[in-house]
Amino acid sequence: MALQDVSGFQDTPMSHMWNSPASLSGPMGDTTPLLDMADERILGWGRFKSSERDGGVPLRFFIPPPQSSVPFRCDNRHTSLSSLSTSSSPPTRRPFPLSHGTTTLAFVFQGGVIAAADTRASCSGLVACPSAQKILPIHSHLLVTTSGSGADCMLWERILAREIRLYQLRHGRRLSITGSAKLLSHMLHPFKGTDVCVAATLCGWDVEEVRVEEFKGKRVDRMGSGRDDSISPAKRPVEETVMSTSDACSQDDLTDSACERTRHAVTDVDLTRSPVRDRCGPKLFYVCSDGTRLQGELFSVGSGSPYAYGVLDGEVRWSLNEEEAISLAREAVYRATHRDAYSGNCVDLFHITAQGYCRRDREDLREEYHRERERVLKRGKEESEEDKK
Amino acid sequence: MFATQVYGDNGKMKEYHYTGPVEHRFSPYSFNGGTVLAVAGEDFAIVASDTRLSEGYSIHSRDSPKCYKLTDTTVIGCSGFHGDCLTLTKIIDARLKMYKHSNNKCMTSGAIAAMLSTILYGRRFFPYYVYNIIGGLDEEGKGAVYSFDPVGSYQRDTYKAGGSASAMLQPLLDNQIGFKNMEGVQHLPLSQEKAVQLVKDVFISAAERDVYTGDALRICIVTKDGIKEETVPLRKD
């Protein structure tokens with residue numbers, strides 16, 4: 001059916017070969033694989049198992065065949081090899097801009113990971129959306145802060161969440177944060193050189209299940225002591241983030257009980273030093289569509305990141321307590337939104353601990369700007385009074 | 001930043017003067033104008049569009065509405081390149097039918113939005129040049145508006161304007177429906193009559209200032225009783 005071909009839809013179970021990254025090429029260069037694709041006109045990316053149904057929406061991309069200088073060449077199959085091999089002609093130029101510009105930041109400290117971002121989605125000078133969500137939870141212990149092109153980030157985060165969930169169902173344990181970062185990086189690799197623009201930081205907490213084989217006898221005890229049963233992946237699906245109840249948790253509750261529960265759940269972590277190199281504990285990764293994958297303790301991404309780095313580099317320490325860390329993150333985003341035109345509106349703040357993530361209410365920075373002005377005026381008045389004395 | 005694109009080497013504007021030889025490549029896209037607007041209320045949703053189809057300095061048609069009915073509870077407004085709008089709506093219709101036959105129920109507005117997002121992203125490297133806005137009722141019967149960018153990024157809103165006059169209409173809607181940046185104003189919920197009147201006023205303003213918007217206004221009001229359509233004349237010049 002012609003319409004089915006155009007939409008790339010196939011409602012029969014697909015038996016795809018796993019395409020190695022080498023055979024997946026973008027619309028530039030690489031004539032040999034492009035020949036196969038020019039025949040089909042569809043770039044396919046499937047899974048091993050032929051019995052698996054994708055629900056009708058596989059990850060398929062339509063790559064236009066390279067433009068030859070003669071227009072209206074409908075049937076590229078019969079076009080000679082020469083026209084395909086001559087040009088590394090640029091892909092079809094888009095007549096519209098895509099959204100870019102942001103400030104996101106994340107850092108690790110003794111109480112977990114803090115992730116903060118602004119909420120402005122801009123599109124070549126216009127604010128496309130003043131209340132975009134740039135920090136997307138994947139499961140109870142993993143968040144992704146997204147920066148770059150809005151559509152790319154949204155879709156790739158969905159794909160990543162799907163792959164992590166499939167991994168969990170197949171292997172009975174949750175993929176670690178390190179593994180998730182590697183997975184995202186490898187999934188983005190075939191699109192290096194195209195204009196897919198994704199710069200994400202994966203913030204999360206690796207939990208004890210990684211060591212299941214070693215502690216088989218004690219596993220139930222460890223899981224049970226002080227932690228909710230809901231964290232156990234075999235029992236509950238990932239989508240039911242229990243943190244919906246703890247979203248309303250106040251900061252005080254978290255500080256008190258978090259320390260206590262942390263002691264039970266993550267006994268291997270030495271709280272006096274930075275444990276980022278250990279198997280479990282807080283983790284922070286930066287993954288970019290140009291192939292970068294870095295582990296670290298502090299990242300800021302986006303057009304406002306230089307301003308955020310300026311604020312954070314002076315103050316971030318391992319030994320911050322929770323209120324200080326939250327107010328520091330908020331301050332960094334606020335300063336960045338003040339100076340960067342492409343960041344603004346509100347600030348979203350998330351805090352990840354061993355129990356999962358906890359979300360603060362979205363805060364409009366306009367109020368903060370007014371409070372700041374009042375503070376400055378007050379200080380000016382006090383100083384002038386002192387001078388008089 | 002934009003001046004280098006607008007002016008050629010000899011100081012003349014590229015769009016109106018001859019500034020030197022230029023290689024023209026066949027562009028598969030063209031811009032057919034039009035504005036779409038959607039507003040979500042407590043138990044209704046409104047999708048409105050003008051009916052002018054233009055290209056460059058010409059008007060192809062004065063009666064080409066840009067709202068398309070998808071299901072009994074969902075209407076989509078598509079503006080941009082008309083060829084891609086038509087194909088996209090055909091694809092969505094086909095996918096809706098397939099879903100209905102496989103799952104024995106109609107797609108909900110949220111599901112249609114998610115599906116459209118993946119359809120659009122499937123053409124990430126040769127996008128549909130369409131600005132979509134879906135308006136309809138969600139499972140609870142409340143109004144829902146989903147706005148898209150051409151490559152599939154979407155989110156749920158209360159109101160959104162898309163198309164050629166979107167930059168003019170969106171601030172007005174922010175002020176009148178979102179009560180943004182207004183001090184000491186009571187935030188009253190929007191009634192259906194007030195919303196329809198607001199949409200008419202807003203499009204009259206758009207037709208005044210945007211050359212690609214005008215001729216007539218088609219309003220689709222989605223309630224639990226079905227979809228009602230209304231046509232209002234606009235400036236024809």
# chains A, B, ... in the order shown; residues from 1 in each chain; ligands from 1
>>> residues_around(residues="range 213-227 of chain B", least_positions_apart="2", cutoff="6 Å", atoms="only C-alpha atoms", output="JSON, numbers by chain")
{"B": [34, 44, 45, 46, 47, 48, 49, 50, 51, 52, 62, 72, 207, 210, 211, 229, 230, 231, 232, 233, 234, 235, 236]}
>>> select_by_dssp(residues="range 106-199 of chain B", states="strand (DSSP E)", output="list in words")
Val130, Tyr131, Asn132, Ile133, Ile134, Gly135, Gly136, Leu137, Gly143, Ala144, Val145, Tyr146, Ser147, Phe148, Tyr154, Gln155, Arg156, Asp157, Tyr159, Lys160, Ala161, Gly162 and Gly163 of chain B
>>> residues_around(residues="Tyr212 in chain B", least_positions_apart="3", cutoff="9 Å", atoms="only C-alpha atoms", output="PDB file with N, CA and C atoms, in the first residue's frame")
ATOM      1  N   ASN B  32       3.029  27.958   2.740  1.00  0.00           N
ATOM      2  CA  ASN B  32       1.690  28.305   2.290  1.00  0.00           C
ATOM      3  C   ASN B  32       0.909  29.140   3.296  1.00  0.00           C
ATOM      4  N   GLY B  33       1.523  29.609   4.332  1.00  0.00           N
ATOM      5  CA  GLY B  33       0.874  30.549   5.231  1.00  0.00           C
ATOM      6  C   GLY B  33      -0.198  29.930   6.094  1.00  0.00           C
ATOM      7  N   GLY B  34      -0.913  30.784   6.789  1.00  0.00           N
ATOM      8  CA  GLY B  34      -2.008  30.293   7.632  1.00  0.00           C
ATOM      9  C   GLY B  34      -1.651  30.318   9.089  1.00  0.00           C
ATOM     10  N   THR B  35      -2.662  30.500   9.895  1.00  0.00           N
ATOM     11  CA  THR B  35      -2.475  30.546  11.342  1.00  0.00           C
ATOM     12  C   THR B  35      -3.461  29.591  11.992  1.00  0.00           C
ATOM     13  N   ARG B  52      -7.039  30.903   4.450  1.00  0.00           N
ATOM     14  CA  ARG B  52      -6.316  31.413   3.274  1.00  0.00           C
ATOM     15  C   ARG B  52      -5.154  30.505   2.951  1.00  0.00           C
ATOM     16  N   LEU B  53      -5.026  30.151   1.653  1.00  0.00           N
ATOM     17  CA  LEU B  53      -3.877  29.371   1.199  1.00  0.00           C
ATOM     18  C   LEU B  53      -3.076  30.245   0.239  1.00  0.00           C
ATOM     19  N   SER B  54      -1.871  30.603   0.622  1.00  0.00           N
ATOM     20  CA  SER B  54      -1.099  31.546  -0.198  1.00  0.00           C
ATOM     21  C   SER B  54       0.257  30.950  -0.536  1.00  0.00           C
ATOM     22  N   GLU B  55       0.920  31.545  -1.495  1.00  0.00           N
ATOM     23  CA  GLU B  55       2.289  31.147  -1.811  1.00  0.00           C
ATOM     24  C   GLU B  55       2.987  32.347  -2.410  1.00  0.00           C
ATOM     25  N   ILE B  59      -2.508  34.309  -3.774  1.00  0.00           N
ATOM     26  CA  ILE B  59      -3.423  33.527  -2.945  1.00  0.00           C
ATOM     27  C   ILE B  59      -3.961  32.413  -3.822  1.00  0.00           C
ATOM     28  N   SER B 164       1.854  31.419  10.740  1.00  0.00           N
ATOM     29  CA  SER B 164       2.549  32.653  10.360  1.00  0.00           C
ATOM     30  C   SER B 164       2.337  33.785  11.354  1.00  0.00           C
ATOM     31  N   ALA B 165       1.164  33.870  11.976  1.00  0.00           N
ATOM     32  CA  ALA B 165       0.920  34.976  12.912  1.00  0.00           C
ATOM     33  C   ALA B 165       1.128  34.569  14.358  1.00  0.00           C
ATOM     34  N   ALA B 207      -5.455  39.133  11.210  1.00  0.00           N
ATOM     35  CA  ALA B 207      -5.694  39.428   9.792  1.00  0.00           C
ATOM     36  C   ALA B 207      -5.291  40.855   9.447  1.00  0.00           C
TER      37      ALA B 207
END
>>> interface_residues(of="chain B", to="chain A", cutoff="7 Å", atoms="only C-alpha atoms", output="list of chain:residue names")
B:Phe26, B:Ile91, B:Gly122, B:Arg123, B:Arg124, B:Phe125, B:Phe126, B:Val151, B:Gly152, B:Ser153
>>> write_last_selection(atoms="all heavy atoms", output="PDB file, in the first residue's frame")
ATOM      1  N   PHE B  26      16.676  23.246  -6.130  1.00  0.00           N
ATOM      2  CA  PHE B  26      15.259  22.924  -5.976  1.00  0.00           C
ATOM      3  C   PHE B  26      14.970  22.698  -4.496  1.00  0.00           C
ATOM      4  O   PHE B  26      15.601  21.876  -3.837  1.00  0.00           O
ATOM      5  CB  PHE B  26      14.907  21.663  -6.764  1.00  0.00           C
ATOM      6  CG  PHE B  26      13.550  21.117  -6.415  1.00  0.00           C
ATOM      7  CD1 PHE B  26      12.411  21.823  -6.722  1.00  0.00           C
ATOM      8  CD2 PHE B  26      13.414  19.911  -5.739  1.00  0.00           C
ATOM      9  CE1 PHE B  26      11.160  21.349  -6.401  1.00  0.00           C
ATOM     10  CE2 PHE B  26      12.179  19.415  -5.406  1.00  0.00           C
ATOM     11  CZ  PHE B  26      11.050  20.135  -5.731  1.00  0.00           C
ATOM     12  N   ILE B  91      -1.811  10.228   6.811  1.00  0.00           N
ATOM     13  CA  ILE B  91      -1.094   9.207   7.583  1.00  0.00           C
ATOM     14  C   ILE B  91      -1.726   9.044   8.959  1.00  0.00           C
ATOM     15  O   ILE B  91      -1.922   7.915   9.441  1.00  0.00           O
ATOM     16  CB  ILE B  91       0.393   9.582   7.706  1.00  0.00           C
ATOM     17  CG1 ILE B  91       1.073   9.421   6.364  1.00  0.00           C
ATOM     18  CG2 ILE B  91       1.092   8.737   8.757  1.00  0.00           C
ATOM     19  CD1 ILE B  91       2.502   9.866   6.360  1.00  0.00           C
ATOM     20  N   GLY B 122      10.279  10.451  12.969  1.00  0.00           N
ATOM     21  CA  GLY B 122      10.729   9.484  11.977  1.00  0.00           C
ATOM     22  C   GLY B 122      11.264  10.168  10.730  1.00  0.00           C
ATOM     23  O   GLY B 122      12.034   9.595   9.968  1.00  0.00           O
ATOM     24  N   ARG B 123      10.866  11.404  10.539  1.00  0.00           N
ATOM     25  CA  ARG B 123      11.378  12.175   9.410  1.00  0.00           C
ATOM     26  C   ARG B 123      12.308  13.269   9.919  1.00  0.00           C
ATOM     27  O   ARG B 123      12.261  14.404   9.479  1.00  0.00           O
ATOM     28  CB  ARG B 123      10.198  12.793   8.647  1.00  0.00           C
ATOM     29  CG  ARG B 123       9.308  11.767   7.982  1.00  0.00           C
ATOM     30  CD  ARG B 123       9.810  11.462   6.632  1.00  0.00           C
ATOM     31  NE  ARG B 123       9.764  12.674   5.841  1.00  0.00           N
ATOM     32  CZ  ARG B 123       9.127  12.791   4.685  1.00  0.00           C
ATOM     33  NH1 ARG B 123       8.490  11.744   4.212  1.00  0.00           N
ATOM     34  NH2 ARG B 123       9.133  13.909   4.024  1.00  0.00           N
ATOM     35  N   ARG B 124      13.159  12.903  10.870  1.00  0.00           N
ATOM     36  CA  ARG B 124      14.035  13.893  11.476  1.00  0.00           C
ATOM     37  C   ARG B 124      14.966  14.522  10.435  1.00  0.00           C
ATOM     38  O   ARG B 124      15.332  15.682  10.533  1.00  0.00           O
ATOM     39  CB  ARG B 124      14.845  13.203  12.580  1.00  0.00           C
ATOM     40  CG  ARG B 124      15.966  13.990  13.177  1.00  0.00           C
ATOM     41  CD  ARG B 124      15.432  15.175  13.945  1.00  0.00           C
ATOM     42  NE  ARG B 124      16.471  15.890  14.634  1.00  0.00           N
ATOM     43  CZ  ARG B 124      17.302  16.747  14.062  1.00  0.00           C
ATOM     44  NH1 ARG B 124      17.236  16.943  12.777  1.00  0.00           N
ATOM     45  NH2 ARG B 124      18.220  17.376  14.777  1.00  0.00           N
ATOM     46  N   PHE B 125      15.350  13.746   9.444  1.00  0.00           N
ATOM     47  CA  PHE B 125      16.359  14.233   8.493  1.00  0.00           C
ATOM     48  C   PHE B 125      15.755  14.742   7.201  1.00  0.00           C
ATOM     49  O   PHE B 125      16.460  15.102   6.277  1.00  0.00           O
ATOM     50  CB  PHE B 125      17.390  13.136   8.226  1.00  0.00           C
ATOM     51  CG  PHE B 125      18.080  12.717   9.489  1.00  0.00           C
ATOM     52  CD1 PHE B 125      17.833  11.487  10.066  1.00  0.00           C
ATOM     53  CD2 PHE B 125      18.929  13.587  10.153  1.00  0.00           C
ATOM     54  CE1 PHE B 125      18.434  11.115  11.250  1.00  0.00           C
ATOM     55  CE2 PHE B 125      19.533  13.239  11.346  1.00  0.00           C
ATOM     56  CZ  PHE B 125      19.284  11.993  11.880  1.00  0.00           C
ATOM     57  N   PHE B 126      14.443  14.769   7.134  1.00  0.00           N
ATOM     58  CA  PHE B 126      13.764  15.385   5.982  1.00  0.00           C
ATOM     59  C   PHE B 126      12.371  15.710   6.476  1.00  0.00           C
ATOM     60  O   PHE B 126      11.407  15.056   6.099  1.00  0.00           O
ATOM     61  CB  PHE B 126      13.723  14.399   4.813  1.00  0.00           C
ATOM     62  CG  PHE B 126      13.123  14.962   3.548  1.00  0.00           C
ATOM     63  CD1 PHE B 126      12.968  16.325   3.367  1.00  0.00           C
ATOM     64  CD2 PHE B 126      12.711  14.117   2.536  1.00  0.00           C
ATOM     65  CE1 PHE B 126      12.417  16.840   2.209  1.00  0.00           C
ATOM     66  CE2 PHE B 126      12.166  14.613   1.370  1.00  0.00           C
ATOM     67  CZ  PHE B 126      12.015  15.967   1.196  1.00  0.00           C
ATOM     68  N   VAL B 151       9.640  18.824  14.162  1.00  0.00           N
ATOM     69  CA  VAL B 151      10.304  17.520  14.270  1.00  0.00           C
ATOM     70  C   VAL B 151       9.797  16.677  15.423  1.00  0.00           C
ATOM     71  O   VAL B 151      10.378  15.638  15.700  1.00  0.00           O
ATOM     72  CB  VAL B 151      11.842  17.632  14.376  1.00  0.00           C
ATOM     73  CG1 VAL B 151      12.455  17.570  13.011  1.00  0.00           C
ATOM     74  CG2 VAL B 151      12.268  18.848  15.083  1.00  0.00           C
ATOM     75  N   GLY B 152       8.723  17.061  16.081  1.00  0.00           N
ATOM     76  CA  GLY B 152       8.118  16.107  16.989  1.00  0.00           C
ATOM     77  C   GLY B 152       8.183  16.437  18.454  1.00  0.00           C
ATOM     78  O   GLY B 152       7.635  15.702  19.264  1.00  0.00           O
ATOM     79  N   SER B 153       8.836  17.531  18.828  1.00  0.00           N
ATOM     80  CA  SER B 153       8.846  17.902  20.237  1.00  0.00           C
ATOM     81  C   SER B 153       7.465  18.432  20.599  1.00  0.00           C
ATOM     82  O   SER B 153       6.932  19.277  19.892  1.00  0.00           O
ATOM     83  CB  SER B 153       9.911  18.987  20.426  1.00  0.00           C
ATOM     84  OG  SER B 153       9.774  19.620  21.648  1.00  0.00           O
TER      85      SER B 153
END
>>> atom_distance(atom1="CA of Gly178 in chain B", atom2="CA of Leu70 in chain B")
27.3 Å
